[in-house]
>>> print(open('input_10.txt').read())   # compact mmCIF, C-alpha atoms
# COMPACT_ATOMS: atom_id res chain seq x y z
CA MET A 1 18.57 -13.89 -23.04
CA ASP A 2 19.83 -16.39 -20.46
CA SER A 3 22.54 -13.98 -19.39
CA LEU A 4 19.83 -11.37 -18.76
CA TYR A 5 18.02 -13.72 -16.37
CA SER A 6 21.18 -14.61 -14.56
CA ALA A 7 21.95 -10.88 -14.27
CA ILE A 8 18.54 -10.38 -12.66
CA ASN A 9 19.33 -13.21 -10.25
CA VAL A 10 22.71 -11.72 -9.41
CA ILE A 11 20.99 -8.42 -8.56
CA SER A 12 18.55 -10.29 -6.32
CA VAL A 13 21.32 -12.08 -4.49
CA TRP A 14 23.60 -9.08 -4.05
CA VAL A 15 21.43 -6.07 -3.41
CA VAL A 16 20.62 -6.78 0.24
CA PRO A 17 24.07 -7.88 1.47
CA GLY A 18 25.62 -5.16 -0.69
CA LEU A 19 23.51 -2.41 0.79
CA ILE A 20 24.17 -3.63 4.35
CA LEU A 21 27.91 -3.74 3.67
CA LEU A 22 28.04 -0.25 2.13
CA SER A 23 25.81 1.37 4.71
CA LEU A 24 27.66 -0.10 7.71
CA ILE A 25 31.08 0.96 6.43
CA TYR A 26 29.84 4.40 5.39
CA ALA A 27 27.98 4.94 8.68
CA HIS A 28 30.99 3.86 10.73
CA PHE A 29 33.26 6.38 9.08
CA ARG A 30 30.62 9.09 9.44
CA GLY A 31 30.73 8.49 13.21
CA VAL A 32 27.27 6.93 13.59
CA LYS A 33 26.80 4.68 16.62
CA VAL A 34 25.69 1.79 14.43
CA PHE A 35 24.34 -0.64 16.99
CA ASP A 36 22.41 1.95 19.02
CA THR A 37 20.91 3.29 15.81
CA PHE A 38 20.09 -0.22 14.65
CA VAL A 39 18.15 -0.99 17.82
CA GLU A 40 16.23 2.26 17.54
CA GLY A 41 15.14 1.39 14.00
CA ALA A 42 14.40 -2.24 14.84
CA LYS A 43 11.85 -1.05 17.42
CA GLU A 44 10.02 0.77 14.63
CA GLY A 45 10.05 -2.40 12.55
CA PHE A 46 8.48 -4.31 15.41
CA GLU A 47 5.73 -1.73 15.80
CA MET A 48 5.11 -1.67 12.06
CA SER A 49 4.52 -5.43 11.92
CA VAL A 50 2.12 -5.24 14.84
CA ARG A 51 0.24 -2.31 13.29
CA LEU A 52 -0.27 -4.44 10.18
CA ILE A 53 -2.21 -7.18 12.04
CA PRO A 54 -5.72 -5.62 11.78
CA PHE A 55 -5.31 -5.00 8.04
CA LEU A 56 -4.11 -8.54 7.43
CA VAL A 57 -6.93 -10.06 9.49
CA GLY A 58 -9.61 -8.04 7.69
CA MET A 59 -8.35 -8.67 4.18
CA MET A 60 -7.23 -12.27 4.54
CA VAL A 61 -10.64 -13.22 5.92
CA ALA A 62 -12.38 -11.44 3.03
CA ILE A 63 -10.23 -13.09 0.36
CA GLY A 64 -10.35 -16.42 2.18
CA LEU A 65 -14.16 -16.29 2.07
CA PHE A 66 -14.12 -15.24 -1.56
CA ARG A 67 -12.02 -18.26 -2.42
CA GLY A 68 -13.76 -20.73 -0.10
CA SER A 69 -17.27 -19.83 -1.26
CA GLY A 70 -16.42 -20.67 -4.85
CA ALA A 71 -16.76 -17.05 -6.00
CA MET A 72 -13.11 -16.92 -7.07
CA GLU A 73 -13.54 -20.12 -9.08
CA LEU A 74 -16.61 -18.70 -10.76
CA ILE A 75 -14.81 -15.56 -11.88
CA SER A 76 -11.68 -17.52 -12.79
CA ASN A 77 -13.62 -19.82 -15.07
CA LEU A 78 -15.26 -16.85 -16.73
CA ILE A 79 -12.10 -14.95 -17.56
CA GLU A 80 -9.51 -17.70 -17.59
CA PRO A 81 -9.48 -18.09 -21.40
CA VAL A 82 -8.65 -14.40 -21.90
CA LEU A 83 -6.16 -14.07 -19.06
CA GLY A 84 -4.55 -17.45 -19.51
CA PHE A 85 -3.66 -16.45 -23.04
CA CYS A 86 -1.60 -13.56 -21.69
CA GLY A 87 -0.10 -15.65 -18.88
CA ILE A 88 -2.00 -13.82 -16.16
CA PRO A 89 -3.26 -16.12 -13.38
CA ALA A 90 -6.83 -15.24 -12.33
CA ASP A 91 -5.89 -15.41 -8.64
CA ILE A 92 -3.76 -12.31 -9.07
CA LEU A 93 -6.72 -10.14 -10.13
CA PRO A 94 -7.91 -9.06 -6.65
CA LEU A 95 -4.38 -7.78 -6.01
CA ALA A 96 -4.29 -5.86 -9.29
CA PHE A 97 -7.55 -4.12 -8.41
CA MET A 98 -6.68 -3.39 -4.79
CA ARG A 99 -3.11 -2.19 -5.36
CA PRO A 100 -3.85 1.44 -6.40
CA VAL A 101 -6.56 1.81 -3.75
CA SER A 102 -5.14 0.58 -0.47
CA GLY A 103 -1.54 -0.35 0.32
CA SER A 104 -2.16 -2.38 3.46
CA SER A 105 -5.05 -4.26 1.88
CA ALA A 106 -2.98 -5.09 -1.18
CA LEU A 107 -0.24 -6.33 1.11
CA ALA A 108 -2.78 -8.55 2.85
CA ILE A 109 -3.90 -10.00 -0.49
CA THR A 110 -0.27 -10.64 -1.46
CA THR A 111 0.16 -12.45 1.85
CA GLU A 112 -2.93 -14.55 1.22
CA ILE A 113 -1.73 -15.53 -2.25
CA MET A 114 1.63 -16.64 -0.84
CA ASN A 115 -0.07 -18.50 1.96
CA ILE A 116 -2.31 -20.45 -0.43
CA HIS A 117 0.04 -21.03 -3.38
CA GLY A 118 3.38 -20.85 -1.58
CA PRO A 119 5.86 -17.97 -1.76
CA ASP A 120 8.06 -19.81 -4.26
CA SER A 121 5.25 -20.55 -6.71
CA LEU A 122 5.08 -18.55 -9.93
CA ILE A 123 1.98 -16.68 -8.79
CA GLY A 124 3.50 -16.03 -5.36
CA ARG A 125 6.55 -14.43 -6.92
CA MET A 126 4.37 -12.53 -9.35
CA ALA A 127 2.32 -11.10 -6.49
CA ALA A 128 5.50 -10.13 -4.64
CA THR A 129 6.92 -8.38 -7.70
CA MET A 130 3.63 -6.60 -8.33
CA GLN A 131 3.38 -5.46 -4.73
CA GLY A 132 6.93 -4.12 -4.80
CA SER A 133 6.87 -2.38 -8.16
CA THR A 134 3.65 -0.35 -7.85
CA ASP A 135 2.34 2.10 -5.31
CA THR A 136 -0.95 3.15 -3.79
CA THR A 137 -1.77 5.82 -6.37
CA LEU A 138 -5.00 7.06 -4.76
CA TYR A 139 -3.41 7.37 -1.33
CA VAL A 140 -0.36 9.25 -2.63
CA LEU A 141 -2.55 11.66 -4.60
CA THR A 142 -4.86 12.27 -1.64
CA VAL A 143 -2.03 12.93 0.79
CA TYR A 144 0.15 15.13 -1.42
CA PHE A 145 -2.52 17.17 -3.14
CA GLY A 146 -4.62 17.31 0.02
CA ALA A 147 -1.69 18.73 2.01
CA VAL A 148 -1.54 21.86 -0.14
CA GLY A 149 -5.25 22.18 -0.93
CA ILE A 150 -5.12 21.38 -4.65
CA LYS A 151 -8.59 20.46 -5.89
CA LYS A 152 -8.04 20.07 -9.62
CA VAL A 153 -5.52 17.26 -10.04
CA ARG A 154 -5.75 17.36 -13.86
CA TYR A 155 -4.07 14.34 -15.49
CA ALA A 156 -2.17 13.16 -12.39
CA LEU A 157 -4.66 10.39 -11.59
CA ALA A 158 -4.59 9.08 -15.16
CA VAL A 159 -0.79 8.99 -15.20
CA GLY A 160 -0.70 7.21 -11.81
CA LEU A 161 -3.14 4.53 -12.94
CA ILE A 162 -1.36 4.04 -16.28
CA ALA A 163 1.89 3.55 -14.35
CA ASP A 164 0.21 1.01 -12.06
CA LEU A 165 -1.10 -0.91 -15.05
CA ALA A 166 2.36 -0.88 -16.61
CA GLY A 167 3.88 -2.15 -13.34
CA ILE A 168 1.31 -4.94 -13.08
CA LEU A 169 1.78 -6.10 -16.66
CA ALA A 170 5.56 -5.83 -16.38
CA ALA A 171 5.49 -7.97 -13.21
CA VAL A 172 3.46 -10.67 -14.98
CA LEU A 173 5.68 -10.66 -18.04
CA ILE A 174 9.02 -10.63 -16.21
CA CYS A 175 8.03 -13.31 -13.70
CA ASN A 176 6.79 -15.51 -16.53
CA LEU A 177 10.17 -15.08 -18.21
CA VAL A 178 12.39 -15.50 -15.16
CA PHE A 179 10.52 -17.86 -12.84
CA ALA A 180 8.28 -19.99 -15.06
CA PRO A 181 9.25 -23.66 -14.87
CA LYS A 182 11.45 -24.50 -17.86
CA ILE A 183 9.84 -27.02 -20.20
CA MET B 1 -13.36 2.95 -1.95
CA VAL B 2 -11.56 0.35 0.20
CA ASN B 3 -14.66 0.12 2.37
CA LEU B 4 -16.85 -0.63 -0.60
CA LEU B 5 -14.42 -3.20 -2.06
CA TRP B 6 -13.99 -4.97 1.27
CA ALA B 7 -17.71 -5.16 2.02
CA GLY B 8 -18.40 -6.15 -1.59
CA ILE B 9 -15.98 -9.06 -1.49
CA ILE B 10 -17.47 -10.45 1.72
CA VAL B 11 -21.11 -9.96 0.69
CA ILE B 12 -20.56 -11.63 -2.71
CA ALA B 13 -18.65 -14.47 -1.05
CA ILE B 14 -21.42 -15.21 1.46
CA VAL B 15 -24.19 -14.99 -1.13
CA ILE B 16 -22.34 -17.33 -3.51
CA ALA B 17 -21.55 -19.70 -0.66
CA GLY B 18 -25.31 -19.75 0.02
CA ILE B 19 -26.07 -20.59 -3.61
CA ASN B 20 -23.38 -23.28 -3.72
CA GLY B 21 -24.64 -24.76 -0.44
CA LYS B 22 -21.33 -24.03 1.28
CA VAL B 23 -22.61 -21.76 4.06
CA ASN B 24 -21.34 -24.17 6.69
CA THR B 25 -17.76 -23.47 5.57
CA ILE B 26 -18.00 -19.71 6.20
CA THR B 27 -17.28 -19.73 9.94
CA PRO B 28 -14.31 -22.13 9.83
CA ILE B 29 -12.78 -20.07 7.01
CA ILE B 30 -13.11 -16.89 9.06
CA PHE B 31 -11.32 -18.49 12.00
CA SER B 32 -8.53 -20.09 10.00
CA SER B 33 -7.88 -17.00 7.84
CA ALA B 34 -7.77 -14.69 10.85
CA GLU B 35 -5.39 -17.01 12.65
CA ASN B 36 -3.16 -17.22 9.59
CA ALA B 37 -3.09 -13.43 9.32
CA VAL B 38 -1.89 -13.05 12.92
CA ASN B 39 0.70 -15.82 12.59
CA ILE B 40 2.16 -14.27 9.46
CA SER B 41 2.28 -10.79 11.00
CA LEU B 42 4.10 -12.18 14.01
CA SER B 43 6.69 -14.04 11.95
CA MET B 44 7.21 -10.88 9.87
CA ILE B 45 8.54 -9.10 12.95
CA SER B 46 11.98 -10.70 12.63
CA ILE B 47 12.85 -9.32 9.20
CA MET B 48 10.99 -6.03 9.64
CA ALA B 49 12.89 -5.33 12.86
CA PHE B 50 16.25 -6.19 11.29
CA TRP B 51 15.72 -4.28 8.08
CA LEU B 52 14.29 -1.15 9.65
CA GLY B 53 17.29 -1.18 11.96
CA ILE B 54 19.60 -1.10 8.92
CA MET B 55 17.38 1.58 7.37
CA LYS B 56 17.85 3.75 10.44
CA ILE B 57 21.63 3.45 10.07
CA ILE B 58 21.38 4.46 6.42
CA GLU B 59 19.16 7.39 7.40
CA LYS B 60 21.48 8.65 10.18
CA SER B 61 24.70 8.26 8.19
CA GLY B 62 23.64 10.71 5.50
CA PHE B 63 24.03 7.98 2.86
CA ILE B 64 21.08 9.67 1.19
CA HIS B 65 23.26 12.56 -0.04
CA LEU B 66 25.24 10.08 -2.12
CA VAL B 67 22.01 9.00 -3.82
CA ILE B 68 20.94 12.61 -4.33
CA PHE B 69 24.18 13.29 -6.17
CA PHE B 70 23.29 10.68 -8.78
CA LEU B 71 19.63 11.67 -9.03
CA LYS B 72 20.28 15.38 -9.63
CA PRO B 73 20.65 15.31 -13.44
CA LEU B 74 17.43 13.30 -13.75
CA ALA B 75 15.54 15.69 -11.49
CA TYR B 76 16.69 18.75 -13.47
CA TRP B 77 15.41 17.12 -16.64
CA LEU B 78 12.13 16.02 -15.04
CA PHE B 79 11.19 19.35 -13.52
CA PRO B 80 11.84 22.16 -15.97
CA GLY B 81 10.51 25.44 -14.64
CA ILE B 82 11.75 24.85 -11.13
CA PRO B 83 15.05 26.70 -10.58
CA ARG B 84 17.89 24.26 -9.84
CA ASN B 85 18.70 25.71 -6.45
CA HIS B 86 15.09 26.26 -5.42
CA ARG B 87 14.03 24.69 -2.12
CA ALA B 88 11.35 22.66 -3.89
CA MET B 89 14.02 20.94 -6.01
CA ASN B 90 15.95 20.05 -2.87
CA SER B 91 12.88 18.62 -1.12
CA MET B 92 11.97 16.58 -4.18
CA LEU B 93 15.48 15.15 -4.37
CA MET B 94 15.30 14.19 -0.68
CA ASN B 95 11.90 12.59 -1.26
CA MET B 96 12.96 10.57 -4.31
CA SER B 97 16.20 9.40 -2.71
CA ALA B 98 14.42 8.34 0.48
CA ASN B 99 11.88 6.42 -1.59
CA LEU B 100 14.66 4.74 -3.56
CA LEU B 101 16.28 3.55 -0.34
CA GLY B 102 12.93 2.28 0.90
CA MET B 103 12.54 4.86 3.66
CA GLY B 104 8.89 5.52 2.92
CA ASN B 105 8.22 7.10 6.31
CA ALA B 106 11.04 9.58 5.85
CA ALA B 107 10.06 10.29 2.25
CA THR B 108 6.51 11.51 2.85
CA PRO B 109 7.35 14.65 4.92
CA PHE B 110 9.85 15.73 2.25
CA GLY B 111 7.25 15.10 -0.44
CA ILE B 112 4.68 17.24 1.32
CA LYS B 113 7.25 19.98 1.87
CA ALA B 114 8.09 19.85 -1.86
CA MET B 115 4.40 20.24 -2.70
CA GLU B 116 4.12 23.27 -0.41
CA GLN B 117 7.19 24.88 -1.97
CA MET B 118 5.88 24.20 -5.48
CA GLN B 119 2.54 25.67 -4.44
CA GLN B 120 4.36 28.96 -3.80
CA LEU B 121 5.35 28.98 -7.49
CA ASN B 122 1.76 28.21 -8.49
CA PRO B 123 -0.34 31.07 -9.87
CA ASP B 124 -3.61 29.13 -9.48
CA ARG B 125 -3.87 27.69 -5.96
CA ASP B 126 -6.67 25.21 -6.74
CA THR B 127 -5.09 23.60 -9.76
CA ALA B 128 -2.06 21.32 -9.94
CA THR B 129 0.90 22.59 -11.95
CA ASP B 130 2.67 20.48 -14.57
CA ASN B 131 5.62 19.94 -12.25
CA MET B 132 3.35 18.80 -9.43
CA CYS B 133 1.81 16.22 -11.76
CA THR B 134 5.26 14.97 -12.77
CA PHE B 135 6.32 14.73 -9.14
CA LEU B 136 3.23 12.72 -8.29
CA ALA B 137 3.73 10.49 -11.32
CA ILE B 138 7.18 9.59 -9.98
CA ASN B 139 5.83 9.03 -6.50
CA THR B 140 2.93 6.82 -7.52
CA SER B 141 5.12 4.49 -9.53
CA SER B 142 7.26 3.40 -6.58
CA LEU B 143 10.98 3.36 -7.22
CA THR B 144 12.00 1.31 -4.18
CA LEU B 145 15.26 -0.59 -4.48
CA ILE B 146 14.42 -3.11 -1.75
CA PRO B 147 10.78 -4.00 -1.05
CA THR B 148 11.17 -4.66 2.68
CA THR B 149 7.64 -5.73 3.59
CA VAL B 150 7.33 -8.05 0.62
CA ILE B 151 10.60 -9.76 1.57
CA ALA B 152 9.37 -10.06 5.16
CA ILE B 153 6.13 -11.70 4.03
CA ARG B 154 8.00 -14.11 1.79
CA ALA B 155 10.20 -15.06 4.72
CA ALA B 156 7.18 -15.42 7.00
CA THR B 157 5.43 -17.77 4.59
CA GLY B 158 8.51 -19.96 4.25
CA ALA B 159 10.19 -18.90 1.01
CA GLN B 160 13.49 -20.63 0.31
CA ASN B 161 15.18 -17.41 -0.71
CA PRO B 162 12.97 -14.45 0.31
CA THR B 163 15.00 -11.90 -1.65
CA ASP B 164 14.94 -13.67 -5.01
CA ILE B 165 12.18 -11.31 -6.22
CA VAL B 166 14.32 -8.18 -5.80
CA GLY B 167 15.69 -8.35 -9.35
CA THR B 168 12.28 -8.79 -10.98
CA THR B 169 10.85 -6.06 -8.75
CA ILE B 170 13.53 -3.58 -9.81
CA ILE B 171 12.93 -4.34 -13.50
CA ALA B 172 9.14 -4.06 -13.12
CA SER B 173 9.59 -0.79 -11.19
CA LEU B 174 11.77 0.58 -13.97
CA CYS B 175 9.05 -0.31 -16.50
CA SER B 176 6.32 1.37 -14.48
CA ILE B 177 8.38 4.50 -13.82
CA THR B 178 9.40 4.76 -17.47
CA VAL B 179 5.77 4.53 -18.52
CA ALA B 180 4.83 7.10 -15.84
CA ILE B 181 7.42 9.57 -17.13
CA LEU B 182 6.47 9.01 -20.78
CA ALA B 183 2.74 9.34 -20.04
CA ASP B 184 3.40 12.46 -18.01
CA ARG B 185 5.45 13.98 -20.83
CA LEU B 186 2.71 13.18 -23.36
CA PHE B 187 -0.03 14.68 -21.19
CA ARG B 188 2.20 17.67 -20.53
CA TYR B 189 2.78 18.11 -24.24
CA TYR B 190 -0.89 17.97 -25.17
CA PHE B 191 -2.64 19.36 -22.09
CA GLY B 192 0.20 21.25 -20.41
CA LYS B 193 -0.43 24.78 -19.17
CA LYS B 194 0.44 27.30 -21.88
CA ASN B 195 2.67 29.25 -19.56
CA GLN B 196 4.45 26.09 -18.44
CA ARG B 197 4.45 24.17 -21.70
CA LEU B 198 7.72 22.64 -22.69
CA SER B 199 8.75 22.00 -26.21
CA PHE B 200 10.44 18.80 -27.22
CA ASN B 201 12.70 20.39 -29.82
CA ASN B 202 14.87 22.68 -27.78
CA LYS B 203 14.01 21.45 -24.26
CA LYS B 204 13.32 24.99 -23.16
CA ILE B 205 10.33 26.40 -21.43
CA SER B 206 8.57 28.99 -23.50
CA SER B 207 8.13 32.19 -21.54
CA LYS B 208 7.78 31.56 -17.85
CA ARG B 209 5.05 33.38 -15.89
>>> encode(input="input_10.txt", output="structure tokens")
Amino acid sequence: MDSLYSAINVISVWVVPGLILLSLIYAHFRGVKVFDTFVEGAKEGFEMSVRLIPFLVGMMVAIGLFRGSGAMELISNLIEPVLGFCGIPADILPLAFMRPVSGSSALAITTEIMNIHGPDSLIGRMAATMQGSTDTTLYVLTVYFGAVGIKKVRYALAVGLIADLAGILAAVLICNLVFAPKI
Amino acid sequence: MVNLLWAGIIVIAIVIAGINGKVNTITPIIFSSAENAVNISLSMISIMAFWLGIMKIIEKSGFIHLVIFFLKPLAYWLFPGIPRNHRAMNSMLMNMSANLLGMGNAATPFGIKAMEQMQQLNPDRDTATDNMCTFLAINTSSLTLIPTTVIAIRAATGAQNPTDIVGTTIIASLCSITVAILADRLFRYYFGKKNQRLSFNNKKISSKR
């Protein structure tokens, strides 16, 4: 099993530099002006971060209040015995509920979790994995079916939500295996 | 839905703060949380700018066609009933490859185009076809190789190694997409349209149209 975890770590370390290396070499030989193109894309990245500010402000304030008022503690204490048994931290619940509904809001909750617990904490990494491995099911369904005027979506919503649940549980399980402090 | 959740969270928080006698903490929390949100967004700019720059290079170089080459067999298996050289198949391949590379903005137009082209094969314009449901199942379970925004947030909040969640994210994504495909196949098997139903035994579609 240890070799599996180290394989996961090797993927983590290599995927970003590897992709940069491959794409630069490939692009160069395909005659792309790499730096000009880079700058063009970087502008979009700048705009995207700025566009995110209102979502982050709205959601981080809401979750901050929820935590500060003691509401989070109340709910945590209620469900802790059940969740703790499965290794699910209660603080991750708002993210699990928001993830299929709104992408930007879920991102804001992820940010808040990292801000409070630290990005390198178990729950911080769990939130990051969850955020990355699931998608905004309701938004995707609305956009794609809406675009072609489909009204009866049949089992698509059920499948999307089942996949989200699987992603969430998988994130909890894998992070517990890979990142949990060794006793 | 978001509106209700957001309002609900705040209303519950303020009411409980009132009960706990913590109302005086509400205003300071609002200020500090809002300030944190802006600070984090601003420090995200660095990585977002860099990574979307690289993404643009990948997009322009046609790297995506390399990915499509490897995805083709999977797509043919996933979408029986759509002819292999049909335009819808091509759009779906573009969409899935763009998603895989993390080019969400580029993926959506291809996805919508794929839906339109599948709609042309659809006898009942109001109701989703089996293939549409499969396509959406794939799209809702996110198959991104590199979760850019998450990495940016980790960097902005001071992670030692912001990318160390990439491996776990890929594994969790694989789990969710596997479950999505299995669930879709099960639903298709039991509730699939008669004229589009696929049989597990010979992997053929019984009588199209």
>>> closest_residue(input="input_10.txt", among="B:Ile165, B:Ala37, B:Leu4, B:Ile112", to="A:Ile109", atoms="all atoms listed in the file")
B:Ala37
>>> interface_residues(input="input_10.txt", of="chain A", to="chain B", cutoff="6 Å", atoms="all atoms listed in the file", output="number ranges by chain")
A: 8, 11-12, 23, 27, 37-39, 41-42, 45-46, 49, 53, 56-57, 60-62, 65-66, 69, 71, 119-120, 128-129, 132-135, 137, 144, 148, 150-153, 156, 159-160, 163, 166-167, 170-171
>>> atom_distance(input="input_10.txt", atom1="atom CA of B:Tyr190", atom2="atom CA of B:Pro83")
23.3 Å
>>> residues_around(input="input_10.txt", residues="B:Leu93", least_positions_apart="2", cutoff="12 Å", atoms="all atoms listed in the file", output="PDB file with C-alpha atoms, in the coordinates of the input")
ATOM      1  CA  ILE B  64      21.080   9.670   1.190  1.00  0.00           C
ATOM      2  CA  HIS B  65      23.260  12.560  -0.040  1.00  0.00           C
ATOM      3  CA  LEU B  66      25.240  10.080  -2.120  1.00  0.00           C
ATOM      4  CA  VAL B  67      22.010   9.000  -3.820  1.00  0.00           C
ATOM      5  CA  ILE B  68      20.940  12.610  -4.330  1.00  0.00           C
ATOM      6  CA  PHE B  69      24.180  13.290  -6.170  1.00  0.00           C
ATOM      7  CA  PHE B  70      23.290  10.680  -8.780  1.00  0.00           C
ATOM      8  CA  LEU B  71      19.630  11.670  -9.030  1.00  0.00           C
ATOM      9  CA  LYS B  72      20.280  15.380  -9.630  1.00  0.00           C
ATOM     10  CA  PRO B  73      20.650  15.310 -13.440  1.00  0.00           C
ATOM     11  CA  LEU B  74      17.430  13.300 -13.750  1.00  0.00           C
ATOM     12  CA  ALA B  75      15.540  15.690 -11.490  1.00  0.00           C
ATOM     13  CA  TYR B  76      16.690  18.750 -13.470  1.00  0.00           C
ATOM     14  CA  LEU B  78      12.130  16.020 -15.040  1.00  0.00           C
ATOM     15  CA  PHE B  79      11.190  19.350 -13.520  1.00  0.00           C
ATOM     16  CA  ARG B  84      17.890  24.260  -9.840  1.00  0.00           C
ATOM     17  CA  ASN B  85      18.700  25.710  -6.450  1.00  0.00           C
ATOM     18  CA  HIS B  86      15.090  26.260  -5.420  1.00  0.00           C
ATOM     19  CA  ARG B  87      14.030  24.690  -2.120  1.00  0.00           C
ATOM     20  CA  ALA B  88      11.350  22.660  -3.890  1.00  0.00           C
ATOM     21  CA  MET B  89      14.020  20.940  -6.010  1.00  0.00           C
ATOM     22  CA  ASN B  90      15.950  20.050  -2.870  1.00  0.00           C
ATOM     23  CA  SER B  91      12.880  18.620  -1.120  1.00  0.00           C
ATOM     24  CA  ASN B  95      11.900  12.590  -1.260  1.00  0.00           C
ATOM     25  CA  MET B  96      12.960  10.570  -4.310  1.00  0.00           C
ATOM     26  CA  SER B  97      16.200   9.400  -2.710  1.00  0.00           C
ATOM     27  CA  ALA B  98      14.420   8.340   0.480  1.00  0.00           C
ATOM     28  CA  ASN B  99      11.880   6.420  -1.590  1.00  0.00           C
ATOM     29  CA  LEU B 100      14.660   4.740  -3.560  1.00  0.00           C
ATOM     30  CA  ALA B 107      10.060  10.290   2.250  1.00  0.00           C
ATOM     31  CA  PHE B 110       9.850  15.730   2.250  1.00  0.00           C
ATOM     32  CA  GLY B 111       7.250  15.100  -0.440  1.00  0.00           C
ATOM     33  CA  LYS B 113       7.250  19.980   1.870  1.00  0.00           C
ATOM     34  CA  ALA B 114       8.090  19.850  -1.860  1.00  0.00           C
ATOM     35  CA  PHE B 135       6.320  14.730  -9.140  1.00  0.00           C
ATOM     36  CA  ILE B 138       7.180   9.590  -9.980  1.00  0.00           C
ATOM     37  CA  ASN B 139       5.830   9.030  -6.500  1.00  0.00           C
TER      38      ASN B 139
END
>>> atom_distance(input="input_10.txt", atom1="atom CA of A:Ile79", atom2="atom CA of A:Phe55")
28.3 Å
>>> atom_distance(input="input_10.txt", atom1="atom CA of A:Ala90", atom2="atom CA of A:Ser76")
5.4 Å
>>> residues_around(input="input_10.txt", residues="A:Leu161", least_positions_apart="3", cutoff="8 Å", atoms="only C-alpha atoms", output="PDB file with C-alpha atoms, keeping the file's coordinate frame")
ATOM      1  CA  PRO A 100      -3.850   1.440  -6.400  1.00  0.00           C
ATOM      2  CA  THR A 137      -1.770   5.820  -6.370  1.00  0.00           C
ATOM      3  CA  LEU A 157      -4.660  10.390 -11.590  1.00  0.00           C
ATOM      4  CA  ALA A 158      -4.590   9.080 -15.160  1.00  0.00           C
ATOM      5  CA  ASP A 164       0.210   1.010 -12.060  1.00  0.00           C
ATOM      6  CA  LEU A 165      -1.100  -0.910 -15.050  1.00  0.00           C
TER       7      LEU A 165
END
>>> build_atoms(input="input_10.txt", residues="stretch 81-93 of chain B", atoms="N, CA and C atoms", output="mmCIF file, in the coordinates of the input")
data_model
loop_
_atom_site.group_PDB
_atom_site.id
_atom_site.type_symbol
_atom_site.label_atom_id
_atom_site.label_comp_id
_atom_site.auth_asym_id
_atom_site.auth_seq_id
_atom_site.Cartn_x
_atom_site.Cartn_y
_atom_site.Cartn_z
ATOM 1 N N GLY B 81 11.384 24.420 -15.202
ATOM 2 C CA GLY B 81 10.510 25.440 -14.640
ATOM 3 C C GLY B 81 10.697 25.601 -13.147
ATOM 4 N N ILE B 82 11.405 24.657 -12.530
ATOM 5 C CA ILE B 82 11.750 24.850 -11.130
ATOM 6 C C ILE B 82 13.246 25.156 -11.089
ATOM 7 N N PRO B 83 13.627 26.334 -10.599
ATOM 8 C CA PRO B 83 15.050 26.700 -10.580
ATOM 9 C C PRO B 83 15.879 25.649 -9.855
ATOM 10 N N ARG B 84 17.092 25.374 -10.350
ATOM 11 C CA ARG B 84 17.890 24.260 -9.840
ATOM 12 C C ARG B 84 18.211 24.368 -8.350
ATOM 13 N N ASN B 85 18.373 25.596 -7.871
ATOM 14 C CA ASN B 85 18.700 25.710 -6.450
ATOM 15 C C ASN B 85 17.494 26.104 -5.602
ATOM 16 N N HIS B 86 16.308 25.954 -6.182
ATOM 17 C CA HIS B 86 15.090 26.260 -5.420
ATOM 18 C C HIS B 86 14.883 25.210 -4.334
ATOM 19 N N ARG B 87 14.245 25.630 -3.225
ATOM 20 C CA ARG B 87 14.030 24.690 -2.120
ATOM 21 C C ARG B 87 13.174 23.507 -2.531
ATOM 22 N N ALA B 88 12.220 23.754 -3.447
ATOM 23 C CA ALA B 88 11.350 22.660 -3.890
ATOM 24 C C ALA B 88 12.163 21.547 -4.544
ATOM 25 N N MET B 89 13.172 21.934 -5.344
ATOM 26 C CA MET B 89 14.020 20.940 -6.010
ATOM 27 C C MET B 89 14.732 20.090 -4.960
ATOM 28 N N ASN B 90 15.242 20.755 -3.933
ATOM 29 C CA ASN B 90 15.950 20.050 -2.870
ATOM 30 C C ASN B 90 15.029 19.054 -2.155
ATOM 31 N N SER B 91 13.825 19.500 -1.812
ATOM 32 C CA SER B 91 12.880 18.620 -1.120
ATOM 33 C C SER B 91 12.508 17.427 -1.993
ATOM 34 N N MET B 92 12.331 17.688 -3.299
ATOM 35 C CA MET B 92 11.970 16.580 -4.180
ATOM 36 C C MET B 92 13.099 15.567 -4.279
ATOM 37 N N LEU B 93 14.336 16.063 -4.316
ATOM 38 C CA LEU B 93 15.480 15.150 -4.370
ATOM 39 C C LEU B 93 15.546 14.301 -3.096
#
